[in-house]
Structure formats: C-alpha cells, structure tokens
$ cat run-v3.txt   # compact mmCIF, C-alpha atoms
# COMPACT_ATOMS: atom_id res chain seq x y z
CA MET A 1 107.98 155.17 107.95
CA SER A 2 108.97 151.91 106.29
CA THR A 3 107.40 148.66 107.66
CA ALA A 4 109.35 146.18 105.50
CA VAL A 5 109.13 142.56 106.67
CA PRO A 6 112.50 140.81 107.15
CA LEU A 7 113.43 138.36 104.39
CA ARG A 8 113.63 135.38 106.80
CA GLN A 9 110.11 136.10 108.10
CA ARG A 10 108.70 136.40 104.56
CA ARG A 11 110.18 133.03 103.66
CA SER A 12 108.66 131.42 106.77
CA ASP A 13 105.24 132.96 105.96
CA LYS A 14 105.27 131.36 102.51
CA ARG A 15 104.16 127.85 103.36
CA PRO A 16 104.10 124.92 100.94
CA VAL A 17 100.78 124.21 99.25
CA TRP A 18 100.12 121.09 101.30
CA GLU A 19 100.51 123.03 104.58
CA GLU A 20 98.01 125.75 103.72
CA GLN A 21 94.55 125.76 105.20
CA PRO A 22 92.04 124.52 102.58
CA THR A 23 89.57 127.07 101.31
CA ALA A 24 85.82 126.54 101.38
CA ALA A 25 85.83 125.82 97.65
CA THR A 26 88.56 123.18 98.07
CA THR A 27 86.70 121.50 100.94
CA THR A 28 83.47 121.50 98.95
CA GLY A 29 85.22 120.05 95.91
CA LYS A 30 86.83 117.28 97.95
CA SER A 31 83.51 116.44 99.61
CA ALA A 32 81.77 116.31 96.23
CA ALA A 33 84.48 114.08 94.76
CA LEU A 34 84.38 111.68 97.73
CA THR A 35 80.58 111.58 97.59
CA LEU A 36 80.71 110.78 93.87
CA VAL A 37 83.25 107.99 94.40
CA ALA A 38 81.21 106.54 97.27
CA ALA A 39 78.06 106.66 95.13
CA VAL A 40 79.80 104.85 92.25
CA VAL A 41 80.74 102.05 94.68
CA LEU A 42 77.64 101.87 96.88
CA VAL A 43 74.77 102.43 94.43
CA PRO A 44 75.45 99.29 92.32
CA LEU A 45 75.92 97.28 95.53
CA TRP A 46 72.61 98.61 96.87
CA ILE A 47 70.80 97.70 93.64
CA ILE A 48 72.24 94.17 93.68
CA VAL A 49 71.22 93.58 97.31
CA VAL A 50 67.69 95.01 96.84
CA THR A 51 67.14 93.02 93.66
CA SER A 52 68.27 89.81 95.35
CA PHE A 53 65.48 90.30 97.93
CA SER A 54 62.81 91.28 95.39
CA THR A 55 59.91 89.23 94.10
CA GLN A 56 59.18 88.57 90.44
CA ALA A 57 56.33 91.08 90.56
CA ALA A 58 58.61 93.83 91.91
CA ILE A 59 61.19 93.12 89.22
CA ASN A 60 58.51 93.25 86.55
CA ARG A 61 57.26 96.60 87.87
CA ALA A 62 60.83 97.99 87.89
CA GLY A 63 61.51 96.62 84.42
CA GLY A 64 64.68 94.80 85.60
CA LEU A 65 67.00 95.77 88.45
CA VAL A 66 65.15 97.14 91.48
CA ILE A 67 66.32 100.39 93.12
CA TRP A 68 63.72 100.88 95.88
CA PRO A 69 62.64 97.96 98.12
CA ASP A 70 59.28 96.59 96.99
CA GLY A 71 57.85 93.21 97.94
CA LEU A 72 60.95 91.85 99.71
CA THR A 73 61.46 88.11 100.08
CA VAL A 74 64.28 85.74 100.98
CA SER A 75 63.14 83.01 98.60
CA ALA A 76 66.20 83.52 96.35
CA TYR A 77 68.62 82.88 99.23
CA ARG A 78 66.56 79.95 100.51
CA GLU A 79 66.51 78.35 97.08
CA MET A 80 70.18 79.11 96.40
CA LEU A 81 71.39 77.59 99.66
CA ALA A 82 69.19 74.55 99.07
CA ASP A 83 71.09 73.88 95.84
CA PRO A 84 73.84 71.27 96.45
CA THR A 85 75.92 72.73 93.62
CA VAL A 86 76.08 76.14 95.30
CA ARG A 87 76.81 74.65 98.73
CA THR A 88 79.63 72.58 97.29
CA ALA A 89 80.96 75.60 95.40
CA VAL A 90 81.13 77.62 98.63
CA LEU A 91 83.16 74.90 100.34
CA VAL A 92 85.44 74.54 97.30
CA SER A 93 86.07 78.29 97.20
CA LEU A 94 86.85 78.40 100.91
CA GLY A 95 89.23 75.45 100.61
CA ILE A 96 91.06 76.87 97.58
CA THR A 97 91.32 80.28 99.24
CA LEU A 98 92.69 78.93 102.54
CA VAL A 99 95.13 76.44 101.02
CA GLY A 100 96.21 78.74 98.21
CA THR A 101 96.80 81.68 100.52
CA ALA A 102 98.82 79.53 102.92
CA VAL A 103 100.98 78.18 100.07
CA SER A 104 101.49 81.61 98.51
CA MET A 105 102.40 83.27 101.81
CA ALA A 106 104.83 80.50 102.76
CA VAL A 107 106.66 80.76 99.42
CA SER A 108 106.56 84.56 99.30
CA VAL A 109 107.75 85.11 102.88
CA LEU A 110 110.64 82.66 102.59
CA CYS A 111 111.69 83.99 99.18
CA ALA A 112 111.43 87.63 100.30
CA TYR A 113 113.40 87.03 103.48
CA GLY A 114 116.17 85.23 101.62
CA LEU A 115 116.40 87.99 99.02
CA SER A 116 116.43 90.70 101.69
CA ARG A 117 119.63 89.37 103.27
CA ALA A 118 122.58 90.84 101.38
CA ARG A 119 124.87 87.94 102.30
CA SER A 120 122.49 85.18 101.18
CA TYR A 121 123.85 82.94 98.43
CA GLY A 122 122.82 83.89 94.89
CA HIS A 123 120.28 86.49 95.92
CA ARG A 124 121.18 88.93 93.14
CA PRO A 125 120.83 86.48 90.18
CA ILE A 126 117.61 85.09 91.66
CA LEU A 127 116.20 88.57 92.16
CA THR A 128 117.10 89.46 88.57
CA LEU A 129 115.35 86.35 87.25
CA LEU A 130 112.24 87.13 89.28
CA VAL A 131 112.09 90.70 87.99
CA VAL A 132 112.49 89.47 84.40
CA THR A 133 109.37 87.32 84.79
CA MET A 134 107.37 90.47 85.53
CA PHE A 135 107.98 91.63 81.96
CA VAL A 136 108.42 88.36 80.05
CA SER A 137 106.17 85.37 80.70
CA GLY A 138 105.81 81.97 79.08
CA GLY A 139 102.34 82.71 77.77
CA LEU A 140 98.98 81.05 78.17
CA ILE A 141 99.40 78.06 75.84
CA PRO A 142 102.85 76.96 77.15
CA THR A 143 101.55 77.27 80.72
CA PHE A 144 98.49 75.18 79.86
CA LEU A 145 100.65 72.51 78.18
CA VAL A 146 103.01 72.34 81.18
CA VAL A 147 100.19 72.05 83.73
CA THR A 148 98.26 69.43 81.74
CA GLY A 149 101.50 67.59 80.97
CA LEU A 150 102.12 67.29 84.72
CA GLY A 151 98.65 65.81 85.18
CA GLY A 152 96.96 68.94 86.48
CA TYR A 153 93.86 68.78 84.26
CA GLY A 154 90.85 68.30 86.53
CA ARG A 155 92.96 68.60 89.72
CA TYR A 156 92.60 71.24 92.39
CA TRP A 157 96.32 71.97 92.52
CA ALA A 158 96.09 73.32 88.96
CA LEU A 159 93.96 76.14 90.40
CA ILE A 160 96.61 77.04 93.01
CA LEU A 161 100.19 76.32 91.99
CA PRO A 162 100.33 78.15 88.60
CA SER A 163 99.37 81.40 90.35
CA ALA A 164 100.88 80.69 93.76
CA VAL A 165 103.65 83.26 93.55
CA SER A 166 103.38 86.94 92.72
CA VAL A 167 106.75 88.59 92.09
CA PHE A 168 105.25 91.98 92.91
CA ASN A 169 104.20 90.79 96.37
CA ILE A 170 107.64 89.24 96.94
CA LEU A 171 109.29 92.57 96.12
CA VAL A 172 106.98 94.39 98.52
CA LEU A 173 107.80 91.94 101.33
CA ARG A 174 111.51 92.06 100.49
CA SER A 175 111.48 95.85 100.69
CA PHE A 176 109.99 95.73 104.18
CA TYR A 177 112.26 92.94 105.42
CA ALA A 178 115.34 94.77 104.11
CA GLY A 179 114.36 97.76 106.26
CA THR A 180 114.25 95.73 109.46
CA SER A 181 116.62 97.17 112.06
CA ALA A 182 120.08 95.63 111.64
CA GLU A 183 120.72 96.10 115.37
CA LEU A 184 117.61 94.05 116.15
CA ILE A 185 118.75 91.20 113.90
CA ASP A 186 122.31 91.37 115.27
CA ALA A 187 120.93 91.15 118.81
CA ALA A 188 118.98 88.05 117.86
CA ARG A 189 122.12 86.56 116.31
CA MET A 190 124.10 87.23 119.48
CA ASP A 191 121.39 85.40 121.44
CA GLY A 192 121.99 82.37 119.24
CA ALA A 193 119.03 82.70 116.86
CA GLY A 194 119.44 81.17 113.40
CA ASP A 195 117.72 82.28 110.19
CA TRP A 196 114.46 80.45 110.93
CA ARG A 197 114.28 81.78 114.48
CA THR A 198 115.15 85.30 113.34
CA LEU A 199 112.45 85.21 110.68
CA TRP A 200 109.78 83.80 113.01
CA SER A 201 110.57 85.76 116.20
CA VAL A 202 111.97 89.06 114.89
CA VAL A 203 111.09 89.80 111.27
CA LEU A 204 107.50 88.54 111.08
CA PRO A 205 106.31 90.19 114.33
CA THR A 206 107.69 93.54 113.17
CA SER A 207 106.05 93.26 109.76
CA ARG A 208 102.49 92.31 110.66
CA ALA A 209 101.00 95.21 108.69
CA VAL A 210 102.55 94.33 105.33
CA THR A 211 102.06 90.61 105.95
CA ALA A 212 98.35 91.17 106.63
CA VAL A 213 97.93 93.25 103.46
CA ILE A 214 99.76 90.74 101.24
CA THR A 215 97.74 87.90 102.80
CA LEU A 216 94.55 89.76 101.94
CA PHE A 217 95.77 90.36 98.38
CA TYR A 218 96.38 86.65 97.89
CA ALA A 219 93.10 85.66 99.55
CA VAL A 220 91.05 88.04 97.40
CA GLY A 221 92.84 86.78 94.30
CA TYR A 222 92.05 83.14 95.05
CA TRP A 223 88.48 83.90 96.09
CA ASN A 224 87.74 85.81 92.87
CA ALA A 225 89.67 83.51 90.51
CA PHE A 226 87.73 81.70 87.83
CA PHE A 227 89.94 81.74 84.72
CA ASN A 228 92.01 78.72 85.74
CA VAL A 229 88.75 76.79 86.23
CA MET A 230 87.83 77.52 82.61
CA LEU A 231 91.20 76.08 81.56
CA TYR A 232 91.64 73.05 83.78
CA MET A 233 88.19 71.81 84.84
CA PRO A 234 85.52 73.32 82.56
CA THR A 235 83.23 70.26 82.59
CA GLU A 236 83.50 69.09 86.21
CA SER A 237 80.74 71.15 87.81
CA GLN A 238 80.99 69.31 91.14
CA LYS A 239 84.50 70.82 91.55
CA TRP A 240 83.69 74.36 90.50
CA PRO A 241 84.37 77.22 92.96
CA LEU A 242 81.69 79.79 93.63
CA GLN A 243 83.00 82.36 91.16
CA TYR A 244 82.64 79.98 88.23
CA VAL A 245 79.14 79.09 89.38
CA LEU A 246 78.44 82.82 89.42
CA LEU A 247 79.80 83.12 85.90
CA THR A 248 77.51 80.34 84.73
CA TYR A 249 74.46 81.77 86.47
CA VAL A 250 74.90 85.40 85.50
CA ASN A 251 76.61 85.42 82.11
CA ARG A 252 75.28 82.24 80.59
CA GLY A 253 71.90 82.14 82.37
CA ASN A 254 71.98 78.36 82.34
CA GLY A 255 71.43 75.76 84.99
CA LEU A 256 74.27 73.60 86.21
CA PRO A 257 74.59 69.89 85.56
CA GLY A 258 73.29 68.16 88.67
CA SER A 259 71.76 71.35 90.06
CA VAL A 260 68.18 71.55 91.32
CA ASN A 261 68.02 74.82 89.36
CA SER A 262 68.45 73.04 86.04
CA GLY A 263 65.56 75.08 84.69
CA PHE A 264 67.28 78.35 85.51
CA GLY A 265 66.79 81.01 82.88
CA ASN A 266 63.50 79.57 81.76
CA ALA A 267 60.19 79.45 83.59
CA HIS A 268 61.52 79.05 87.10
CA ALA A 269 58.99 77.73 89.56
CA GLU A 270 59.18 80.05 92.58
CA THR A 271 62.04 82.54 92.41
CA ALA A 272 62.76 85.24 89.86
CA PRO A 273 65.87 84.32 87.84
CA LEU A 274 67.27 87.82 88.29
CA SER A 275 66.84 87.62 92.08
CA LEU A 276 68.68 84.31 92.10
CA GLN A 277 71.53 85.75 90.04
CA MET A 278 71.89 88.73 92.37
CA ALA A 279 71.73 86.44 95.42
CA VAL A 280 74.73 84.51 94.08
CA VAL A 281 76.57 87.80 93.54
CA VAL A 282 75.86 88.84 97.14
CA LEU A 283 77.05 85.45 98.38
CA THR A 284 80.40 85.99 96.67
CA LEU A 285 80.76 89.41 98.31
CA VAL A 286 79.92 88.47 101.90
CA PRO A 287 83.29 86.90 102.92
CA LEU A 288 85.27 89.90 101.67
CA LEU A 289 82.92 92.37 103.36
CA VAL A 290 83.37 90.47 106.62
CA VAL A 291 87.18 90.32 106.39
CA TYR A 292 87.92 93.89 105.25
CA PRO A 293 86.98 95.73 108.49
CA PHE A 294 89.39 93.58 110.48
CA MET A 295 92.23 94.21 108.00
CA GLN A 296 91.58 97.91 107.43
CA LYS A 297 93.84 99.07 110.28
CA HIS A 298 96.84 97.48 108.56
CA PHE A 299 96.18 99.01 105.14
CA ARG A 300 97.87 102.37 105.67
CA THR A 301 101.21 101.00 106.83
CA GLY A 302 101.15 98.02 104.49
CA VAL A 303 100.18 99.90 101.35
CA LEU A 304 102.66 102.74 102.02
CA THR A 305 105.38 100.13 102.39
CA GLY A 306 104.35 98.69 99.04
CA ALA A 307 104.72 102.08 97.42
CA ILE A 308 108.48 102.10 98.13
CA LYS A 309 110.38 99.29 96.50
CA GLY A 310 114.09 98.75 96.22

$ encode --input "run-v3.txt" --output "structure tokens"
Amino acid sequence: MSTAVPLRQRRSDKRPVWEEQPTAATTTGKSAALTLVAAVVLVPLWIIVVTSFSTQAAINRAGGLVIWPDGLTVSAYREMLADPTVRTAVLVSLGITLVGTAVSMAVSVLCAYGLSRARSYGHRPILTLLVVTMFVSGGLIPTFLVVTGLGGYGRYWALILPSAVSVFNILVLRSFYAGTSAELIDAARMDGAGDWRTLWSVVLPTSRAVTAVITLFYAVGYWNAFFNVMLYMPTESQKWPLQYVLLTYVNRGNGLPGSVNSGFGNAHAETAPLSLQMAVVVLTLVPLLVVYPFMQKHFRTGVLTGAIKG
C-alpha cells in the first residue's frame, strides 16, 4: 500500500537552513569559535593588567610580560597618577572627547535630519557632495596647510574640527530619520510643531538607539585619537591628550618634558618601566570599559539600522 506524502507537506517539511535545529557538531564548532575569539580579546588584556601590577622582580622572572600574578603592587599606578603630565593628559582627553562629541553630534544630527526630509531645499545636491567626499578627499598636506593657515597650529580646535563630521555617520542617522513614521510627523505638524520642535520632541526620542551608538562611535574616536596631535601640537607636551602620552611612553620609551618620570626608560628609581607602560595602557582603557555596558543595550538596534542605508 502506497504511503506517499503529499507535495504540500513535503515542501513544508523542508525548512530553510537557518530554521533547522543545530547539530551537536555545529554547536561545538560555534562554541569553539566564540571561545577562540574571546581568548584573542581577553588574554592580551589580562597580560596587560597583570603586568601593570607586577614588580620588577616578577617581570625579570617572566622575561618580560607577566601572565600569572606574581608579586603584585600598585606602585606603577601610584607613580603614574602622581605625574602632573599624566593627570593633565587625562583632563585634556576628557575635555576633547566631551566637546568634540557634542560638536560632532550637533552637526551630524542637524545635517542628517535636513537631508532626510524630501522637501528640504537642496538636499539632493548636498547629499551628493557629501557622498563624493567619502571617495575623494583633499589629502593630508592640503588639510594641514588649511588648518595651520587658519591659525590652528597649537590650538585645541585643530584636534576637533578637522574630524568633527563623519559622512558615514550622517548617512546612518539620515537612514533612520527617513524611516520615522510620516503619520507621527504629520500629527506633530498639525499640533503646530516646527522643524526644531519636531526634531527635538518626535525624531530624537524615537531614535535613541542609533543616536547612542553614533555618540559612542564619535566618543571612542576622539578618545583614541592621537594623529592630529602629531600634526598640530607635537612639541607642546602640556597640551597632549592621554593617547599621545601613551604613544610616547610605550613606543618611544622616553620621558616627557616637564614630567617627574623624565628618567623613564633608563634606571627608574622605584617602578619597573614595563609596569608603568602597561599602567598607562590600562588607564586609557578604563573609560571605555565603564561606558560600554551602559550602551550595550542600544547596539543591536543601532548597528542593524546602520547596516541598511539609503
């Protein structure tokens, strides 16, 4: 007796690959891959933290970077925070990050909102010009000549304004704003709201996820930036942000002008030079590690929005 399965039922039984239950081998492979990725990220961080708390004797026994805690001490952090150059660099980095992020978000939000409104004046030519700059730029030397010609050499604004706007971030914000419910905006218009009120009371509250992610992108960029310092204030150590101090400590192994650690890299009195270098690295990581958990809940929505641009 024939037991043939109807064609419709056979089609329903054939599920797409992504709807099938994973096999044990697939689950094991995914777990191994995630463990490997986590190890690549966490092991270097662990070594940096342990080395920053290690004594000179422990570093000598390990032959360099320390993997297992041995003879822990906080002398590197105590000496680093006692250095006026490092303390000033922390304040400079915080100031540049806060001011730069505020400037970048103000420009990006206003530009993205204007470009997202189809009836706004000149939005298509402006959008075309912005996209062109993603592929064709003025170059390093013309940018340097323009900034120095405007008196930016040795000024803090030279570290912010040349990189204040990211066209990519504007396009991401524009994509989200363009998808805002037209009925919602029309209702606000009928209630008498203008463009500013609509942006502040309707568009921004409904786009907190993407706004938080773009804000974090800008903040991380300003916090980690050091190249503009090399261009516009390479000799003014009292104005250096923390990342450039880190560059000097780690890559050059030299002391800073005016620093109490002027003998760094030589026979340092109390703290191992390698511990001090790793302590500066940890100091640069702490603010980001503190901020990320509070922003993590917005990442999924914000990053998925950034994946669709139009």

$ closest_residue --input "run-v3.txt" --among "A:Ser116, A:Val86, A:Val50, A:Gly221" --to "A:Thr73" --atoms "only C-alpha atoms"
A:Val50

$ atom_distance --input "run-v3.txt" --atom1 "atom CA of A:Val99" --atom2 "atom CA of A:Val281"
23.0 Å

$ closest_residue --input "run-v3.txt" --among "A:Thr143, A:Ser52, A:Gln243, A:Gln296" --to "A:Leu161" --atoms "all atoms listed in the file"
A:Thr143

$ residues_around --input "run-v3.txt" --residues "A:Ala164" --least-positions-apart "5" --cutoff "8 Å" --atoms "all atoms listed in the file" --output "PDB file with C-alpha atoms, keeping the file's coordinate frame"
ATOM      1  CA  GLY A 100      96.210  78.740  98.210  1.00  0.00           C
ATOM      2  CA  THR A 101      96.800  81.680 100.520  1.00  0.00           C
ATOM      3  CA  VAL A 103     100.980  78.180 100.070  1.00  0.00           C
ATOM      4  CA  SER A 104     101.490  81.610  98.510  1.00  0.00           C
TER       5      SER A 104
END

$ atom_distance --input "run-v3.txt" --atom1 "atom CA of A:Val41" --atom2 "atom CA of A:Phe294"
19.9 Å

$ closest_residue --input "run-v3.txt" --among "A:Tyr77, A:Met105, A:Ala188, A:Val37" --to "A:Thr51" --atoms "all atoms listed in the file"
A:Tyr77

$ closest_residue --input "run-v3.txt" --among "A:Ala24, A:Ile126, A:Ala32, A:Ile96" --to "A:Trp240" --atoms "all atoms listed in the file"
A:Ile96

$ residues_near_point --input "run-v3.txt" --point "(62.5, 91.1, 95.7)" --cutoff "10 Å" --atoms "only C-alpha atoms" --output "mmCIF file with C-alpha atoms, keeping the file's coordinate frame"
data_model
loop_
_atom_site.group_PDB
_atom_site.id
_atom_site.type_symbol
_atom_site.label_atom_id
_atom_site.label_comp_id
_atom_site.auth_asym_id
_atom_site.auth_seq_id
_atom_site.Cartn_x
_atom_site.Cartn_y
_atom_site.Cartn_z
ATOM 1 C CA VAL A 49 71.220 93.580 97.310
ATOM 2 C CA VAL A 50 67.690 95.010 96.840
ATOM 3 C CA THR A 51 67.140 93.020 93.660
ATOM 4 C CA SER A 52 68.270 89.810 95.350
ATOM 5 C CA PHE A 53 65.480 90.300 97.930
ATOM 6 C CA SER A 54 62.810 91.280 95.390
ATOM 7 C CA THR A 55 59.910 89.230 94.100
ATOM 8 C CA GLN A 56 59.180 88.570 90.440
ATOM 9 C CA ALA A 57 56.330 91.080 90.560
ATOM 10 C CA ALA A 58 58.610 93.830 91.910
ATOM 11 C CA ILE A 59 61.190 93.120 89.220
ATOM 12 C CA LEU A 65 67.000 95.770 88.450
ATOM 13 C CA VAL A 66 65.150 97.140 91.480
ATOM 14 C CA TRP A 68 63.720 100.880 95.880
ATOM 15 C CA PRO A 69 62.640 97.960 98.120
ATOM 16 C CA ASP A 70 59.280 96.590 96.990
ATOM 17 C CA GLY A 71 57.850 93.210 97.940
ATOM 18 C CA LEU A 72 60.950 91.850 99.710
ATOM 19 C CA THR A 73 61.460 88.110 100.080
ATOM 20 C CA VAL A 74 64.280 85.740 100.980
ATOM 21 C CA SER A 75 63.140 83.010 98.600
ATOM 22 C CA ALA A 76 66.200 83.520 96.350
ATOM 23 C CA THR A 271 62.040 82.540 92.410
ATOM 24 C CA ALA A 272 62.760 85.240 89.860
ATOM 25 C CA LEU A 274 67.270 87.820 88.290
ATOM 26 C CA SER A 275 66.840 87.620 92.080
ATOM 27 C CA LEU A 276 68.680 84.310 92.100
#

$ atom_distance --input "run-v3.txt" --atom1 "atom CA of A:Arg174" --atom2 "atom CA of A:Lys297"
21.4 Å

$ residues_around --input "run-v3.txt" --residues "stretch 224-237 of chain A" --least-positions-apart "5" --cutoff "7 Å" --atoms "all atoms listed in the file" --output "NGL selection string"
:A and (153-154 or 158-159 or 243-244 or 257)

$ closest_residue --input "run-v3.txt" --among "A:Ile141, A:Ala82, A:Leu204, A:Ala112" --to "A:Val172" --atoms "all atoms listed in the file"
A:Ala112

$ closest_residue --input "run-v3.txt" --among "A:Ser175, A:Ser207, A:Ser181, A:Thr97" --to "A:Pro287" --atoms "all atoms listed in the file"
A:Thr97

$ decode --input "run-v3.txt" --residues "stretch 229-240 of chain A" --atoms "all heavy atoms" --output "PDB file, in the first residue's frame"
ATOM      1  N   VAL A 229      47.339  65.231  16.958  1.00  0.00           N
ATOM      2  CA  VAL A 229      48.290  65.812  17.911  1.00  0.00           C
ATOM      3  C   VAL A 229      49.687  65.819  17.308  1.00  0.00           C
ATOM      4  O   VAL A 229      50.452  66.781  17.478  1.00  0.00           O
ATOM      5  CB  VAL A 229      48.273  65.016  19.225  1.00  0.00           C
ATOM      6  CG1 VAL A 229      49.185  65.671  20.257  1.00  0.00           C
ATOM      7  CG2 VAL A 229      46.861  64.897  19.759  1.00  0.00           C
ATOM      8  N   MET A 230      50.048  64.759  16.611  1.00  0.00           N
ATOM      9  CA  MET A 230      51.357  64.698  15.955  1.00  0.00           C
ATOM     10  C   MET A 230      51.497  65.805  14.915  1.00  0.00           C
ATOM     11  O   MET A 230      52.595  66.311  14.670  1.00  0.00           O
ATOM     12  CB  MET A 230      51.546  63.334  15.290  1.00  0.00           C
ATOM     13  CG  MET A 230      51.517  62.156  16.244  1.00  0.00           C
ATOM     14  SD  MET A 230      51.572  60.564  15.401  1.00  0.00           S
ATOM     15  CE  MET A 230      53.182  60.647  14.634  1.00  0.00           C
ATOM     16  N   LEU A 231      50.359  66.189  14.285  1.00  0.00           N
ATOM     17  CA  LEU A 231      50.422  67.195  13.229  1.00  0.00           C
ATOM     18  C   LEU A 231      50.436  68.618  13.780  1.00  0.00           C
ATOM     19  O   LEU A 231      51.218  69.468  13.326  1.00  0.00           O
ATOM     20  CB  LEU A 231      49.214  67.038  12.293  1.00  0.00           C
ATOM     21  CG  LEU A 231      49.150  65.780  11.427  1.00  0.00           C
ATOM     22  CD1 LEU A 231      47.851  65.772  10.626  1.00  0.00           C
ATOM     23  CD2 LEU A 231      50.352  65.707  10.488  1.00  0.00           C
ATOM     24  N   TYR A 232      49.568  68.869  14.782  1.00  0.00           N
ATOM     25  CA  TYR A 232      49.291  70.260  15.140  1.00  0.00           C
ATOM     26  C   TYR A 232      49.879  70.710  16.480  1.00  0.00           C
ATOM     27  O   TYR A 232      49.899  71.911  16.747  1.00  0.00           O
ATOM     28  CB  TYR A 232      47.777  70.492  15.146  1.00  0.00           C
ATOM     29  CG  TYR A 232      47.138  70.157  13.815  1.00  0.00           C
ATOM     30  CD1 TYR A 232      46.167  69.172  13.722  1.00  0.00           C
ATOM     31  CD2 TYR A 232      47.528  70.804  12.646  1.00  0.00           C
ATOM     32  CE1 TYR A 232      45.585  68.851  12.504  1.00  0.00           C
ATOM     33  CE2 TYR A 232      46.971  70.481  11.427  1.00  0.00           C
ATOM     34  CZ  TYR A 232      45.988  69.508  11.359  1.00  0.00           C
ATOM     35  OH  TYR A 232      45.438  69.189  10.144  1.00  0.00           O
ATOM     36  N   MET A 233      50.300  69.807  17.348  1.00  0.00           N
ATOM     37  CA  MET A 233      50.960  70.232  18.582  1.00  0.00           C
ATOM     38  C   MET A 233      51.959  69.174  19.044  1.00  0.00           C
ATOM     39  O   MET A 233      51.856  68.643  20.152  1.00  0.00           O
ATOM     40  CB  MET A 233      49.939  70.539  19.685  1.00  0.00           C
ATOM     41  CG  MET A 233      48.912  69.486  19.965  1.00  0.00           C
ATOM     42  SD  MET A 233      47.794  69.977  21.321  1.00  0.00           S
ATOM     43  CE  MET A 233      46.992  71.444  20.658  1.00  0.00           C
ATOM     44  N   PRO A 234      52.969  68.874  18.195  1.00  0.00           N
ATOM     45  CA  PRO A 234      53.912  67.805  18.549  1.00  0.00           C
ATOM     46  C   PRO A 234      54.891  68.177  19.653  1.00  0.00           C
ATOM     47  O   PRO A 234      55.508  67.291  20.247  1.00  0.00           O
ATOM     48  CB  PRO A 234      54.658  67.558  17.228  1.00  0.00           C
ATOM     49  CG  PRO A 234      54.581  68.865  16.516  1.00  0.00           C
ATOM     50  CD  PRO A 234      53.259  69.472  16.884  1.00  0.00           C
ATOM     51  N   THR A 235      55.079  69.455  19.929  1.00  0.00           N
ATOM     52  CA  THR A 235      56.101  69.854  20.921  1.00  0.00           C
ATOM     53  C   THR A 235      55.497  70.413  22.193  1.00  0.00           C
ATOM     54  O   THR A 235      56.245  70.713  23.122  1.00  0.00           O
ATOM     55  CB  THR A 235      57.032  70.918  20.304  1.00  0.00           C
ATOM     56  OG1 THR A 235      56.258  72.062  19.919  1.00  0.00           O
ATOM     57  CG2 THR A 235      57.757  70.365  19.089  1.00  0.00           C
ATOM     58  N   GLU A 236      54.172  70.557  22.260  1.00  0.00           N
ATOM     59  CA  GLU A 236      53.554  71.161  23.441  1.00  0.00           C
ATOM     60  C   GLU A 236      53.014  70.055  24.338  1.00  0.00           C
ATOM     61  O   GLU A 236      51.826  69.728  24.316  1.00  0.00           O
ATOM     62  CB  GLU A 236      52.453  72.127  23.010  1.00  0.00           C
ATOM     63  CG  GLU A 236      52.982  73.230  22.095  1.00  0.00           C
ATOM     64  CD  GLU A 236      51.895  74.177  21.661  1.00  0.00           C
ATOM     65  OE1 GLU A 236      51.302  74.823  22.534  1.00  0.00           O
ATOM     66  OE2 GLU A 236      51.638  74.255  20.450  1.00  0.00           O
ATOM     67  N   SER A 237      53.913  69.494  25.156  1.00  0.00           N
ATOM     68  CA  SER A 237      53.544  68.316  25.952  1.00  0.00           C
ATOM     69  C   SER A 237      52.480  68.636  26.995  1.00  0.00           C
ATOM     70  O   SER A 237      51.736  67.743  27.407  1.00  0.00           O
ATOM     71  CB  SER A 237      54.783  67.752  26.644  1.00  0.00           C
ATOM     72  OG  SER A 237      55.342  68.713  27.522  1.00  0.00           O
ATOM     73  N   GLN A 238      52.402  69.877  27.442  1.00  0.00           N
ATOM     74  CA  GLN A 238      51.395  70.225  28.454  1.00  0.00           C
ATOM     75  C   GLN A 238      49.980  70.202  27.876  1.00  0.00           C
ATOM     76  O   GLN A 238      48.997  70.249  28.629  1.00  0.00           O
ATOM     77  CB  GLN A 238      51.678  71.597  29.053  1.00  0.00           C
ATOM     78  CG  GLN A 238      51.462  72.783  28.148  1.00  0.00           C
ATOM     79  CD  GLN A 238      52.620  73.030  27.190  1.00  0.00           C
ATOM     80  OE1 GLN A 238      53.550  72.226  27.107  1.00  0.00           O
ATOM     81  NE2 GLN A 238      52.585  74.158  26.503  1.00  0.00           N
ATOM     82  N   LYS A 239      49.843  70.130  26.536  1.00  0.00           N
ATOM     83  CA  LYS A 239      48.527  70.068  25.899  1.00  0.00           C
ATOM     84  C   LYS A 239      48.208  68.693  25.341  1.00  0.00           C
ATOM     85  O   LYS A 239      47.149  68.502  24.751  1.00  0.00           O
ATOM     86  CB  LYS A 239      48.447  71.096  24.763  1.00  0.00           C
ATOM     87  CG  LYS A 239      48.529  72.547  25.226  1.00  0.00           C
ATOM     88  CD  LYS A 239      48.360  73.480  24.041  1.00  0.00           C
ATOM     89  CE  LYS A 239      48.386  74.933  24.487  1.00  0.00           C
ATOM     90  NZ  LYS A 239      48.232  75.860  23.340  1.00  0.00           N
ATOM     91  N   TRP A 240      49.113  67.743  25.527  1.00  0.00           N
ATOM     92  CA  TRP A 240      48.892  66.441  24.906  1.00  0.00           C
ATOM     93  C   TRP A 240      47.754  65.691  25.588  1.00  0.00           C
ATOM     94  O   TRP A 240      47.664  65.682  26.820  1.00  0.00           O
ATOM     95  CB  TRP A 240      50.146  65.596  25.007  1.00  0.00           C
ATOM     96  CG  TRP A 240      51.229  66.020  24.072  1.00  0.00           C
ATOM     97  CD1 TRP A 240      51.135  66.958  23.095  1.00  0.00           C
ATOM     98  CD2 TRP A 240      52.558  65.528  24.050  1.00  0.00           C
ATOM     99  NE1 TRP A 240      52.334  67.087  22.448  1.00  0.00           N
ATOM    100  CE2 TRP A 240      53.231  66.213  23.016  1.00  0.00           C
ATOM    101  CE3 TRP A 240      53.258  64.580  24.783  1.00  0.00           C
ATOM    102  CZ2 TRP A 240      54.559  65.979  22.718  1.00  0.00           C
ATOM    103  CZ3 TRP A 240      54.583  64.336  24.485  1.00  0.00           C
ATOM    104  CH2 TRP A 240      55.222  65.032  23.454  1.00  0.00           C
TER     105      TRP A 240
END
